[in-house]
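One file, target-v8.csv, carrying CSV, C-alpha atoms:
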```
chain,number,residue,atom,x,y,z
A,1346,MET,CA,96.2,11.1,106.2
A,1347,LYS,CA,94.3,10.8,102.9
A,1348,VAL,CA,92.2,7.7,102.5
A,1349,SER,CA,90.9,6.6,99.2
A,1350,VAL,CA,87.4,5.2,99.5
A,1351,VAL,CA,85.4,5.0,96.3
A,1352,LYS,CA,82.1,3.8,97.4
A,1353,ASN,CA,78.6,4.4,96.0
A,1354,ILE,CA,76.8,6.4,98.7
A,1355,LEU,CA,73.5,4.6,97.9
A,1356,GLU,CA,75.2,1.2,98.1
A,1357,ALA,CA,73.4,0.2,101.3
A,1358,ASN,CA,70.0,0.8,99.7
A,1359,ASP,CA,71.1,-0.8,96.4
A,1360,ARG,CA,72.1,-3.9,98.2
A,1361,ILE,CA,68.7,-4.2,99.9
A,1362,ALA,CA,66.9,-3.5,96.6
A,1363,GLN,CA,69.0,-6.3,95.0
A,1364,GLN,CA,67.9,-8.7,97.8
A,1365,ASN,CA,64.3,-7.7,97.3
A,1366,ARG,CA,64.7,-8.3,93.6
A,1367,ALA,CA,66.2,-11.7,94.2
A,1368,LEU,CA,63.2,-12.7,96.3
A,1369,PHE,CA,60.7,-11.3,93.7
A,1370,ASP,CA,62.5,-13.3,91.0
A,1371,GLU,CA,62.4,-16.4,93.0
A,1372,LYS,CA,58.6,-16.0,93.4
A,1373,GLY,CA,58.1,-15.2,89.7
A,1374,LEU,CA,56.7,-11.8,90.6
A,1375,ILE,CA,57.0,-8.7,88.4
A,1376,VAL,CA,57.4,-5.5,90.3
A,1377,MET,CA,56.5,-2.0,88.8
A,1378,ASN,CA,57.6,1.1,90.6
A,1379,LEU,CA,55.0,3.8,89.8
A,1380,MET,CA,56.1,7.4,90.2
A,1381,SER,CA,54.8,10.9,89.5
A,1382,SER,CA,54.3,14.2,91.1
A,1383,PRO,CA,51.4,14.5,93.6
A,1384,GLY,CA,48.0,14.5,92.0
A,1385,ALA,CA,49.1,13.3,88.6
A,1386,GLY,CA,46.8,10.3,88.9
A,1387,LYS,CA,48.7,7.3,90.2
A,1388,THR,CA,46.0,5.9,92.4
A,1389,THR,CA,43.3,6.5,89.8
A,1390,LEU,CA,45.3,4.9,87.1
A,1391,LEU,CA,45.8,1.9,89.5
A,1392,GLU,CA,42.1,1.6,90.2
A,1393,LYS,CA,41.4,1.6,86.5
A,1394,THR,CA,44.2,-0.9,85.8
A,1395,ILE,CA,43.0,-3.2,88.5
A,1396,ASP,CA,39.4,-3.1,87.2
A,1397,ALA,CA,40.6,-4.0,83.8
A,1398,LEU,CA,43.2,-6.7,84.6
A,1399,LYS,CA,42.2,-8.2,87.9
A,1400,ASP,CA,40.7,-11.3,86.2
A,1401,GLU,CA,43.9,-11.8,84.1
A,1402,LEU,CA,46.6,-10.8,86.5
A,1403,ARG,CA,46.9,-11.3,90.2
A,1404,ILE,CA,47.8,-7.8,91.4
A,1405,GLY,CA,49.1,-6.6,94.8
A,1406,VAL,CA,49.9,-3.0,95.7
A,1407,ILE,CA,52.2,-1.2,98.1
A,1408,GLU,CA,51.0,2.4,98.7
A,1409,GLY,CA,53.6,4.9,99.7
A,1410,ASP,CA,52.6,8.2,101.2
A,1411,ILE,CA,54.0,10.6,103.7
A,1412,GLN,CA,50.8,10.3,105.7
A,1413,SER,CA,47.3,8.8,105.6
A,1414,SER,CA,45.8,5.6,104.4
A,1415,GLN,CA,43.3,7.0,101.9
A,1416,ASP,CA,45.0,5.5,98.9
A,1417,ALA,CA,45.3,2.0,100.4
A,1418,GLU,CA,41.6,2.2,101.3
A,1419,ARG,CA,40.8,3.0,97.7
A,1420,ILE,CA,42.8,0.0,96.5
A,1421,ALA,CA,41.4,-2.3,99.2
A,1422,ASN,CA,37.9,-1.5,97.9
A,1423,LYS,CA,38.9,-3.3,94.7
A,1424,GLY,CA,39.4,-6.5,96.7
A,1425,ILE,CA,43.1,-6.9,96.2
A,1426,PRO,CA,46.0,-7.2,98.7
A,1427,VAL,CA,47.4,-3.8,99.6
A,1428,VAL,CA,49.8,-2.5,102.2
A,1429,GLN,CA,50.2,1.2,103.1
A,1430,ILE,CA,53.6,2.6,104.0
A,1431,ASN,CA,53.6,5.9,105.7
A,1432,THR,CA,57.1,7.4,105.4
A,1433,GLY,CA,56.4,10.0,108.1
A,1434,GLY,CA,58.1,12.8,106.2
A,1435,ALA,CA,60.5,11.0,103.8
A,1436,CYS,CA,59.9,12.0,100.2
A,1437,HIS,CA,60.5,8.6,98.6
A,1438,LEU,CA,60.3,4.8,99.3
A,1439,ASP,CA,63.5,2.8,99.7
A,1440,GLY,CA,64.4,-0.8,99.6
A,1441,ASN,CA,64.2,-1.2,103.4
A,1442,MET,CA,60.6,0.1,103.6
A,1443,ILE,CA,59.5,-2.4,100.8
A,1444,ARG,CA,61.2,-5.2,102.6
A,1445,ASP,CA,59.3,-4.4,105.8
A,1446,THR,CA,56.0,-5.2,104.0
A,1447,PHE,CA,57.0,-8.7,102.9
A,1448,ASP,CA,55.2,-10.5,105.8
A,1449,GLU,CA,51.9,-8.9,104.8
A,1450,PHE,CA,51.9,-10.5,101.3
A,1451,ASP,CA,51.6,-14.0,99.9
A,1452,PHE,CA,53.9,-13.5,96.9
A,1453,ASP,CA,53.1,-16.9,95.6
A,1454,ALA,CA,49.6,-15.7,94.9
A,1455,LEU,CA,50.6,-12.7,92.9
A,1456,ASP,CA,51.8,-12.0,89.3
A,1457,LEU,CA,52.3,-8.2,89.6
A,1458,LEU,CA,53.2,-6.1,92.5
A,1459,VAL,CA,52.8,-2.3,92.0
A,1460,VAL,CA,54.7,0.0,94.3
A,1461,GLU,CA,53.0,3.4,94.2
A,1462,ASN,CA,55.8,5.7,95.3
A,1463,VAL,CA,55.4,9.0,97.2
A,1464,GLY,CA,54.2,11.8,94.9
A,1465,ASN,CA,57.5,13.5,93.9
A,1466,LEU,CA,59.3,13.9,90.5
A,1467,VAL,CA,62.8,14.0,92.0
A,1468,CYS,CA,63.7,11.7,94.9
A,1469,PRO,CA,61.9,8.4,94.1
A,1470,ALA,CA,64.0,8.1,90.9
A,1471,GLU,CA,67.2,7.9,93.0
A,1472,PHE,CA,66.2,5.0,95.2
A,1473,LYS,CA,65.8,1.5,93.8
A,1474,VAL,CA,63.2,-0.7,95.6
A,1475,GLY,CA,63.9,-4.0,93.8
A,1476,GLU,CA,61.6,-3.3,90.8
A,1477,ASP,CA,61.7,-4.9,87.4
A,1478,PHE,CA,60.9,-1.5,85.8
A,1479,LYS,CA,59.9,2.0,86.6
A,1480,ALA,CA,56.7,3.7,85.2
A,1481,MET,CA,55.9,7.3,85.5
A,1482,ILE,CA,52.9,9.5,85.0
A,1483,LEU,CA,53.0,13.2,83.9
A,1484,SER,CA,49.7,15.0,83.8
A,1485,VAL,CA,49.2,17.7,81.2
A,1486,THR,CA,48.3,20.3,83.8
A,1487,GLU,CA,51.9,20.1,85.1
A,1488,GLY,CA,53.2,21.6,81.9
A,1489,ASP,CA,55.3,20.4,79.0
A,1490,ASP,CA,58.6,21.6,80.4
A,1491,LYS,CA,58.8,18.9,83.0
A,1492,PRO,CA,61.0,16.3,81.2
A,1493,SER,CA,63.9,18.8,80.8
A,1494,LYS,CA,63.4,20.0,84.4
A,1495,TYR,CA,63.4,16.5,85.9
A,1496,PRO,CA,65.6,14.5,83.6
A,1497,LEU,CA,66.5,11.6,86.0
A,1498,MET,CA,63.0,10.3,86.4
A,1499,PHE,CA,62.3,10.4,82.6
A,1500,HIS,CA,65.7,8.7,82.0
A,1501,GLU,CA,65.0,5.9,84.5
A,1502,SER,CA,61.4,5.1,83.5
A,1503,LYS,CA,60.6,2.5,81.0
A,1504,VAL,CA,57.2,3.9,80.3
A,1505,LEU,CA,55.5,7.3,80.5
A,1506,LEU,CA,51.8,7.8,80.8
A,1507,ILE,CA,50.7,11.3,79.8
A,1508,ASN,CA,47.5,11.7,81.8
A,1509,LYS,CA,44.5,14.0,81.8
A,1510,ILE,CA,44.6,14.6,78.0
A,1511,ASP,CA,40.8,15.4,78.2
A,1512,LEU,CA,41.9,18.8,79.7
A,1513,LEU,CA,44.1,19.7,76.7
A,1514,PRO,CA,41.5,22.1,75.2
A,1515,TYR,CA,41.6,24.2,78.4
A,1516,ILE,CA,45.4,24.5,79.0
A,1517,ASP,CA,48.6,25.5,77.2
A,1518,CYS,CA,50.4,22.3,77.1
A,1519,SER,CA,51.9,20.5,74.1
A,1520,VAL,CA,51.8,16.7,74.2
A,1521,GLU,CA,54.2,16.7,71.2
A,1522,LYS,CA,56.7,18.8,73.2
A,1523,ILE,CA,56.5,16.4,76.2
A,1524,LYS,CA,57.0,13.4,73.9
A,1525,GLU,CA,59.9,15.0,72.1
A,1526,GLU,CA,61.7,16.1,75.3
A,1527,ALA,CA,61.1,12.7,77.0
A,1528,LEU,CA,62.4,10.8,74.0
A,1529,LYS,CA,65.5,13.0,73.9
A,1530,ILE,CA,66.3,12.0,77.5
A,1531,ASN,CA,65.2,8.4,77.0
A,1532,PRO,CA,64.9,7.3,73.4
A,1533,HIS,CA,63.7,3.8,74.5
A,1534,MET,CA,60.7,5.1,76.4
A,1535,THR,CA,57.2,3.8,75.6
A,1536,ILE,CA,54.7,6.6,75.8
A,1537,PHE,CA,50.9,6.4,76.2
A,1538,GLU,CA,48.5,9.4,76.1
A,1539,ILE,CA,45.6,8.7,78.4
A,1540,SER,CA,42.7,10.1,80.3
A,1541,CYS,CA,41.7,8.2,83.4
A,1542,LYS,CA,38.5,10.4,83.4
A,1543,THR,CA,37.2,9.5,79.9
A,1544,GLY,CA,39.1,6.2,79.5
A,1545,GLU,CA,40.8,7.4,76.3
A,1546,GLY,CA,44.1,5.5,75.6
A,1547,LEU,CA,43.8,3.2,78.6
A,1548,GLU,CA,43.1,0.1,76.6
A,1549,ASP,CA,46.6,0.3,75.0
A,1550,TRP,CA,48.2,0.7,78.4
A,1551,PHE,CA,46.3,-2.4,79.8
A,1552,LYS,CA,47.5,-4.5,76.8
A,1553,TRP,CA,51.1,-3.2,77.1
A,1554,LEU,CA,51.2,-3.9,80.9
A,1555,LYS,CA,49.7,-7.4,80.5
A,1556,ARG,CA,52.1,-8.3,77.7
A,1557,THR,CA,55.1,-6.9,79.6
A,1558,VAL,CA,54.2,-9.0,82.7
A,1559,GLU,CA,53.7,-12.1,80.6
A,1560,GLU,CA,56.9,-11.6,78.6
A,1561,LYS,CA,59.0,-11.0,81.7
A,1562,LYS,CA,57.5,-14.0,83.4
A,1563,ALA,CA,58.2,-16.1,80.3
A,1564,SER,CA,61.8,-14.9,80.0
A,1565,ARG,CA,62.4,-15.5,83.7
A,1566,ALA,CA,61.0,-19.1,83.4
A,1567,ASP,CA,63.4,-19.6,80.4
A,1568,ASN,CA,66.4,-18.5,82.5
A,1569,ALA,CA,65.4,-20.5,85.5
B,930,MET,CA,64.6,16.7,99.8
B,931,HIS,CA,66.2,13.3,99.8
B,932,GLU,CA,69.6,14.8,100.6
B,933,MET,CA,68.9,14.0,104.3
B,934,SER,CA,68.8,10.3,103.5
B,935,ILE,CA,71.9,10.6,101.4
B,936,ALA,CA,73.8,12.5,104.1
B,937,GLN,CA,72.8,9.8,106.5
B,938,SER,CA,74.1,7.0,104.2
B,939,LEU,CA,77.3,9.1,103.7
B,940,LEU,CA,77.9,9.4,107.4
B,941,GLU,CA,77.4,5.7,107.9
B,942,ILE,CA,80.1,5.0,105.3
B,943,ILE,CA,82.4,7.7,106.8
B,944,ARG,CA,82.1,6.2,110.3
B,945,ASP,CA,82.8,2.7,109.0
B,946,GLU,CA,85.9,3.8,107.1
B,947,MET,CA,87.2,5.8,110.1
B,948,LYS,CA,86.8,2.8,112.3
B,949,LYS,CA,88.7,0.7,109.7
B,950,HIS,CA,91.6,3.2,109.6
B,951,ASP,CA,91.4,3.9,113.3
B,952,ALA,CA,91.0,7.6,112.6
B,953,LYS,CA,89.8,10.0,115.2
B,954,VAL,CA,89.3,13.3,113.3
B,955,LEU,CA,87.7,13.8,110.0
B,956,ARG,CA,89.1,16.8,108.0
B,957,SER,CA,87.3,16.5,104.7
B,958,VAL,CA,85.4,14.2,102.5
B,959,ARG,CA,85.4,14.3,98.7
B,960,LEU,CA,82.3,13.3,96.7
B,961,HIS,CA,81.7,12.8,93.1
B,962,ILE,CA,78.2,13.8,92.1
B,963,GLY,CA,77.1,12.6,88.7
B,964,LYS,CA,75.3,15.2,86.6
B,965,LEU,CA,72.3,12.9,86.1
B,966,THR,CA,71.8,12.4,89.8
B,967,ALA,CA,69.0,14.5,91.3
B,968,ILE,CA,71.2,15.9,94.0
B,969,VAL,CA,71.4,19.6,94.9
B,970,PRO,CA,74.9,20.1,96.3
B,971,GLU,CA,73.9,23.0,98.5
B,972,SER,CA,71.1,20.9,100.1
B,973,LEU,CA,73.5,18.0,100.7
B,974,SER,CA,76.1,20.3,102.2
B,975,PHE,CA,73.4,21.8,104.5
B,976,CYS,CA,72.2,18.4,105.6
B,977,PHE,CA,75.8,17.2,106.2
B,978,GLU,CA,76.4,20.3,108.4
B,979,ILE,CA,73.3,19.8,110.4
B,980,MET,CA,74.0,16.1,111.0
B,981,THR,CA,77.6,16.6,112.0
B,982,THR,CA,77.1,19.7,114.2
B,983,GLY,CA,77.6,18.8,117.9
B,984,THR,CA,79.3,15.5,117.0
B,985,ASP,CA,82.9,14.4,116.7
B,986,LEU,CA,82.7,15.1,113.0
B,987,GLU,CA,81.8,18.7,113.4
B,988,GLY,CA,83.8,21.0,111.1
B,989,ALA,CA,84.6,18.4,108.5
B,990,LYS,CA,84.7,19.9,105.0
B,991,LEU,CA,82.5,18.4,102.3
B,992,ILE,CA,84.1,18.8,98.8
B,993,MET,CA,81.8,18.0,95.9
B,994,GLU,CA,82.8,17.6,92.3
B,995,ILE,CA,80.2,17.4,89.6
B,996,ILE,CA,81.0,14.6,87.2
B,997,PRO,CA,79.9,15.2,83.6
B,998,LEU,CA,77.7,12.8,81.8
B,999,VAL,CA,79.7,10.8,79.3
B,1000,GLY,CA,78.2,8.3,76.9
B,1001,HIS,CA,79.6,5.5,74.7
B,1002,CYS,CA,77.8,4.9,71.4
B,1003,GLU,CA,77.2,1.2,71.0
B,1004,ALA,CA,76.8,1.7,67.2
B,1005,CYS,CA,79.8,3.8,66.2
B,1006,HIS,CA,81.8,3.3,69.4
B,1007,ARG,CA,82.6,6.9,70.0
B,1008,GLU,CA,82.7,8.5,73.4
B,1009,PHE,CA,81.1,11.9,74.0
B,1010,GLU,CA,79.8,14.2,76.6
B,1011,ILE,CA,76.0,14.0,76.9
B,1012,GLN,CA,74.9,17.6,76.5
B,1013,ASP,CA,71.5,18.7,77.7
B,1014,TYR,CA,70.5,15.2,78.7
B,1015,ALA,CA,70.2,14.1,75.1
B,1016,PHE,CA,70.8,10.4,75.1
B,1017,THR,CA,71.4,10.1,71.3
B,1018,CYS,CA,74.8,9.8,69.7
B,1019,PRO,CA,75.8,13.3,68.3
B,1020,HIS,CA,77.9,11.5,65.6
B,1021,CYS,CA,75.7,8.8,64.2
B,1022,GLY,CA,72.3,9.5,65.8
B,1023,SER,CA,72.0,6.0,67.4
B,1024,PRO,CA,69.9,5.8,70.6
B,1025,ASP,CA,72.0,2.9,71.9
B,1026,ILE,CA,74.1,4.8,74.4
B,1027,LYS,CA,75.9,3.3,77.3
B,1028,THR,CA,76.5,5.8,80.1
B,1029,ILE,CA,80.1,5.7,81.2
B,1030,SER,CA,80.0,8.4,83.9
B,1031,GLY,CA,77.8,10.9,85.4
B,1032,GLU,CA,75.1,8.6,86.9
B,1033,ASP,CA,76.8,7.8,90.2
B,1034,LEU,CA,77.0,9.4,93.6
B,1035,SER,CA,80.1,8.3,95.3
B,1036,ILE,CA,82.5,9.1,98.1
B,1037,VAL,CA,86.0,9.0,96.7
B,1038,GLU,CA,88.4,10.2,99.4
B,1039,MET,CA,88.5,11.2,103.0
B,1040,GLU,CA,91.2,13.1,104.9
B,1041,VAL,CA,91.5,11.8,108.4
B,1042,GLU,CA,93.8,12.0,111.4
```
Write-out of the structure in structure tokens:
Amino acid sequence: MKVSVVKNILEANDRIAQQNRALFDEKGLIVMNLMSSPGAGKTTLLEKTIDALKDELRIGVIEGDIQSSQDAERIANKGIPVVQINTGGACHLDGNMIRDTFDEFDFDALDLLVVENVGNLVCPAEFKVGEDFKAMILSVTEGDDKPSKYPLMFHESKVLLINKIDLLPYIDCSVEKIKEEALKINPHMTIFEISCKTGEGLEDWFKWLKRTVEEKKASRADNA
Amino acid sequence: MHEMSIAQSLLEIIRDEMKKHDAKVLRSVRLHIGKLTAIVPESLSFCFEIMTTGTDLEGAKLIMEIIPLVGHCEACHREFEIQDYAFTCPHCGSPDIKTISGEDLSIVEMEVE
């Protein structure tokens, strides 16, 4: 007997992500899902972002790693609420893991929740966690062929931060090629060229993030 | 390697559907894998096999069809296959493309007894 089914296989996760999102909306909280390959600079970017914006935005962080709490400790040193998720092998965070952290936060006391996903350019793009938008980092040492090799993540991300541009004189990587390929896959993408080491380009990113959070909060208040 | 999580979700749906239809044997499952999804069919097939071996679902065939990426241009209203992940209209150059197919990962049919 043939049975017609037609169901999205990720439906269970999508449903939980939607419920998470509904709660975030209710609390007026903006959620950014931050993704990149391992070592591209997610935690360092977060540290810099927290330093720059912590007086203007109330930020909380969920740290996703397969193992260890080193990243959460780095964020906790900044004096902001942080919860570490250890996936114990899983290569991405999902809606359920995010939901499990809810008791640890006071969402009424936050404007922006950053979900730092597990370092991986493939899997995290496939699983929604309830975010308002996805952001990704590509460091120049990874090479300028990455957008065409990992199109889904570039397609899904609202913003791309090209990091470690201070290393460009020492490597063969064309930022122009990264931008061209990324914009081909996602013509609406906002791109920043930054160095978390020297601070170059970071000011524009801080402004963009602050403005994005404020705009989203304002449009949400209008719709409420 | 998120194919394991996906195989797990897939098996949950399969078991639900089998219960609904009071089916005892699973012969095959047909999936549609959108070209934009980051799924490696061989990995998914491998995970599915591992997870069904030694269970009542052992031996079930996983049939996977890759669904091309198709876009609709919001400016000139033409439909086209998105080649090479270029999300720009090949006719008028507009970046306002709505993806019609090729993004989803779905189960479409099961053969059961």
Practice problem: Compare B:Glu1008, B:Glu946, B:Glu1003, B:Glu978 by their minimum atom-to-atom distance to Glu1040 in chain B, counting all atoms listed in the file, and give me the closest one. | Solution: B:Glu946
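For the choices A:Cys1541, A:Ala1435, A:Ile1395, A:Leu1457, the atom-to-atom distance to chain B is smallest for A:Ala1435 when using all atoms listed in the file.
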Quiz item: If we count all atoms listed in the file, which residues of chain A reach to within 6 Å of chain B? Please list them as a PyMOL selection string.
Solution: chain A and resi 1346-1354+1468+1497+1529-1530+1532
Self-check item: Computed interatomic separation between CA of Thr1389 in chain A and CA of Lys1552 in chain A (Å)
Solution: 17.5 Å
Practice problem: Would you work out the distance separating CA of Leu1402 in chain A from CA of Lys1372 in chain A, expressed in Å to one decimal? | Solution: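 Interatomic distance, CA of Leu1402 in chain A to CA of Lys1372 in chain A: 14.8 Å.
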Practice problem: Using all atoms listed in the file, determine which residues lie at most 12 Å from Glu1548 in chain A, disregarding the query and same-chain residues fewer than 3 positions distant; provide the list as a ChimeraX atom specification. | Solution: /A:1390,1393-1394,1396-1398,1537-1541,1543-1545,1551-1555
Quiz prompt | Spatial neighbours of Glu1476 in chain A, 8 Å, only C-alpha atoms, chain gap at least 2 places, as a list in words | solution =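 Counting only C-alpha atoms, the residues come to Ala1362, Arg1366, Ile1375, Val1376, Met1377, Asn1378, Lys1473, Val1474, Phe1478 and Lys1479 of chain A.
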Practice problem: For CA of Phe1447 in chain A and CA of Phe1499 in chain A, determine how far apart the two atoms are, in Å to one decimal place. | Solution: 28.4 Å
Quiz item: Got a sec to check which residues sit within 8 Å of (82.0, 3.6, 80.3), counting only C-alpha atoms, and write them as a list in words?
Solution: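 Those within range, by chain then number, are Val999, Gly1000, His1001, Lys1027, Thr1028, Ile1029 and Ser1030 of chain B.
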Quiz prompt | A:Leu1391, A:Val1463, A:Ser1493, A:Ile1425 ranked by distance to Asp1451 in chain A, top pick (using all atoms listed in the file) | solution =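 Using all atoms listed in the file, the shortest distance to Asp1451 in chain A belongs to A:Ile1425.
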Exercise. Quick one: everything within 12 Å of Ile1523 in chain A, counting only C-alpha atoms, minus sequence neighbours fewer than 2 positions away in the same chain. Send it as a ChimeraX atom specification.
Key: /A:1482-1496,1499,1505-1508,1518-1521,1525-1531,1536-1538
For range 1555-1564 of chain A, supply all heavy atoms and report the output as a PDB file, in the frame of the given file.
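Generated file (rebuild35.pdb):
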```
ATOM      1  N   LYS A1555      49.916  -5.958  80.459  1.00  0.00           N
ATOM      2  CA  LYS A1555      49.700  -7.400  80.500  1.00  0.00           C
ATOM      3  C   LYS A1555      50.767  -8.140  79.730  1.00  0.00           C
ATOM      4  O   LYS A1555      51.341  -9.117  80.203  1.00  0.00           O
ATOM      5  CB  LYS A1555      48.291  -7.710  79.937  1.00  0.00           C
ATOM      6  CG  LYS A1555      47.893  -9.148  80.083  1.00  0.00           C
ATOM      7  CD  LYS A1555      46.416  -9.343  79.771  1.00  0.00           C
ATOM      8  CE  LYS A1555      46.080 -10.813  79.789  1.00  0.00           C
ATOM      9  NZ  LYS A1555      46.084 -11.435  78.473  1.00  0.00           N
ATOM     10  N   ARG A1556      51.062  -7.611  78.533  1.00  0.00           N
ATOM     11  CA  ARG A1556      52.100  -8.300  77.700  1.00  0.00           C
ATOM     12  C   ARG A1556      53.447  -8.179  78.367  1.00  0.00           C
ATOM     13  O   ARG A1556      54.202  -9.155  78.380  1.00  0.00           O
ATOM     14  CB  ARG A1556      52.113  -7.550  76.335  1.00  0.00           C
ATOM     15  CG  ARG A1556      52.746  -8.419  75.252  1.00  0.00           C
ATOM     16  CD  ARG A1556      52.776  -7.727  73.908  1.00  0.00           C
ATOM     17  NE  ARG A1556      53.499  -6.480  73.945  1.00  0.00           N
ATOM     18  CZ  ARG A1556      53.014  -5.314  73.546  1.00  0.00           C
ATOM     19  NH1 ARG A1556      51.785  -5.223  73.072  1.00  0.00           N
ATOM     20  NH2 ARG A1556      53.738  -4.212  73.613  1.00  0.00           N
ATOM     21  N   THR A1557      53.770  -7.028  78.965  1.00  0.00           N
ATOM     22  CA  THR A1557      55.100  -6.900  79.600  1.00  0.00           C
ATOM     23  C   THR A1557      55.220  -7.879  80.767  1.00  0.00           C
ATOM     24  O   THR A1557      56.265  -8.513  80.924  1.00  0.00           O
ATOM     25  CB  THR A1557      55.237  -5.434  80.156  1.00  0.00           C
ATOM     26  OG1 THR A1557      55.109  -4.547  79.052  1.00  0.00           O
ATOM     27  CG2 THR A1557      56.576  -5.215  80.809  1.00  0.00           C
ATOM     28  N   VAL A1558      54.168  -8.031  81.576  1.00  0.00           N
ATOM     29  CA  VAL A1558      54.200  -9.000  82.700  1.00  0.00           C
ATOM     30  C   VAL A1558      54.383 -10.396  82.163  1.00  0.00           C
ATOM     31  O   VAL A1558      55.232 -11.155  82.642  1.00  0.00           O
ATOM     32  CB  VAL A1558      52.951  -8.859  83.582  1.00  0.00           C
ATOM     33  CG1 VAL A1558      52.907  -9.972  84.625  1.00  0.00           C
ATOM     34  CG2 VAL A1558      52.911  -7.501  84.268  1.00  0.00           C
ATOM     35  N   GLU A1559      53.616 -10.728  81.141  1.00  0.00           N
ATOM     36  CA  GLU A1559      53.700 -12.100  80.600  1.00  0.00           C
ATOM     37  C   GLU A1559      55.068 -12.369  79.981  1.00  0.00           C
ATOM     38  O   GLU A1559      55.637 -13.437  80.185  1.00  0.00           O
ATOM     39  CB  GLU A1559      52.586 -12.307  79.561  1.00  0.00           C
ATOM     40  CG  GLU A1559      51.238 -12.488  80.245  1.00  0.00           C
ATOM     41  CD  GLU A1559      50.062 -12.439  79.264  1.00  0.00           C
ATOM     42  OE1 GLU A1559      50.277 -12.134  78.073  1.00  0.00           O
ATOM     43  OE2 GLU A1559      48.924 -12.697  79.713  1.00  0.00           O
ATOM     44  N   GLU A1560      55.586 -11.376  79.244  1.00  0.00           N
ATOM     45  CA  GLU A1560      56.900 -11.600  78.600  1.00  0.00           C
ATOM     46  C   GLU A1560      58.005 -11.732  79.653  1.00  0.00           C
ATOM     47  O   GLU A1560      58.878 -12.574  79.527  1.00  0.00           O
ATOM     48  CB  GLU A1560      57.245 -10.367  77.719  1.00  0.00           C
ATOM     49  CG  GLU A1560      56.584 -10.453  76.357  1.00  0.00           C
ATOM     50  CD  GLU A1560      56.792  -9.178  75.532  1.00  0.00           C
ATOM     51  OE1 GLU A1560      57.546  -8.280  75.961  1.00  0.00           O
ATOM     52  OE2 GLU A1560      56.158  -9.093  74.468  1.00  0.00           O
ATOM     53  N   LYS A1561      57.931 -10.909  80.687  1.00  0.00           N
ATOM     54  CA  LYS A1561      59.000 -11.000  81.700  1.00  0.00           C
ATOM     55  C   LYS A1561      58.877 -12.319  82.456  1.00  0.00           C
ATOM     56  O   LYS A1561      59.887 -12.928  82.784  1.00  0.00           O
ATOM     57  CB  LYS A1561      58.824  -9.817  82.705  1.00  0.00           C
ATOM     58  CG  LYS A1561      59.405  -8.548  82.151  1.00  0.00           C
ATOM     59  CD  LYS A1561      59.557  -7.481  83.223  1.00  0.00           C
ATOM     60  CE  LYS A1561      60.205  -6.246  82.651  1.00  0.00           C
ATOM     61  NZ  LYS A1561      61.660  -6.339  82.556  1.00  0.00           N
ATOM     62  N   LYS A1562      57.654 -12.757  82.712  1.00  0.00           N
ATOM     63  CA  LYS A1562      57.500 -14.000  83.400  1.00  0.00           C
ATOM     64  C   LYS A1562      58.043 -15.167  82.544  1.00  0.00           C
ATOM     65  O   LYS A1562      58.715 -16.075  83.032  1.00  0.00           O
ATOM     66  CB  LYS A1562      56.032 -14.293  83.750  1.00  0.00           C
ATOM     67  CG  LYS A1562      55.521 -13.430  84.884  1.00  0.00           C
ATOM     68  CD  LYS A1562      54.234 -13.949  85.442  1.00  0.00           C
ATOM     69  CE  LYS A1562      54.505 -14.909  86.577  1.00  0.00           C
ATOM     70  NZ  LYS A1562      53.426 -15.063  87.508  1.00  0.00           N
ATOM     71  N   ALA A1563      57.780 -15.074  81.239  1.00  0.00           N
ATOM     72  CA  ALA A1563      58.200 -16.100  80.300  1.00  0.00           C
ATOM     73  C   ALA A1563      59.756 -16.150  80.231  1.00  0.00           C
ATOM     74  O   ALA A1563      60.376 -17.207  80.308  1.00  0.00           O
ATOM     75  CB  ALA A1563      57.627 -15.905  78.943  1.00  0.00           C
ATOM     76  N   SER A1564      60.385 -14.935  80.137  1.00  0.00           N
ATOM     77  CA  SER A1564      61.800 -14.900  80.000  1.00  0.00           C
ATOM     78  C   SER A1564      62.494 -15.372  81.289  1.00  0.00           C
ATOM     79  O   SER A1564      63.556 -15.969  81.291  1.00  0.00           O
ATOM     80  CB  SER A1564      62.338 -13.553  79.548  1.00  0.00           C
ATOM     81  OG  SER A1564      62.302 -12.657  80.614  1.00  0.00           O
TER      82      SER A1564
END
```
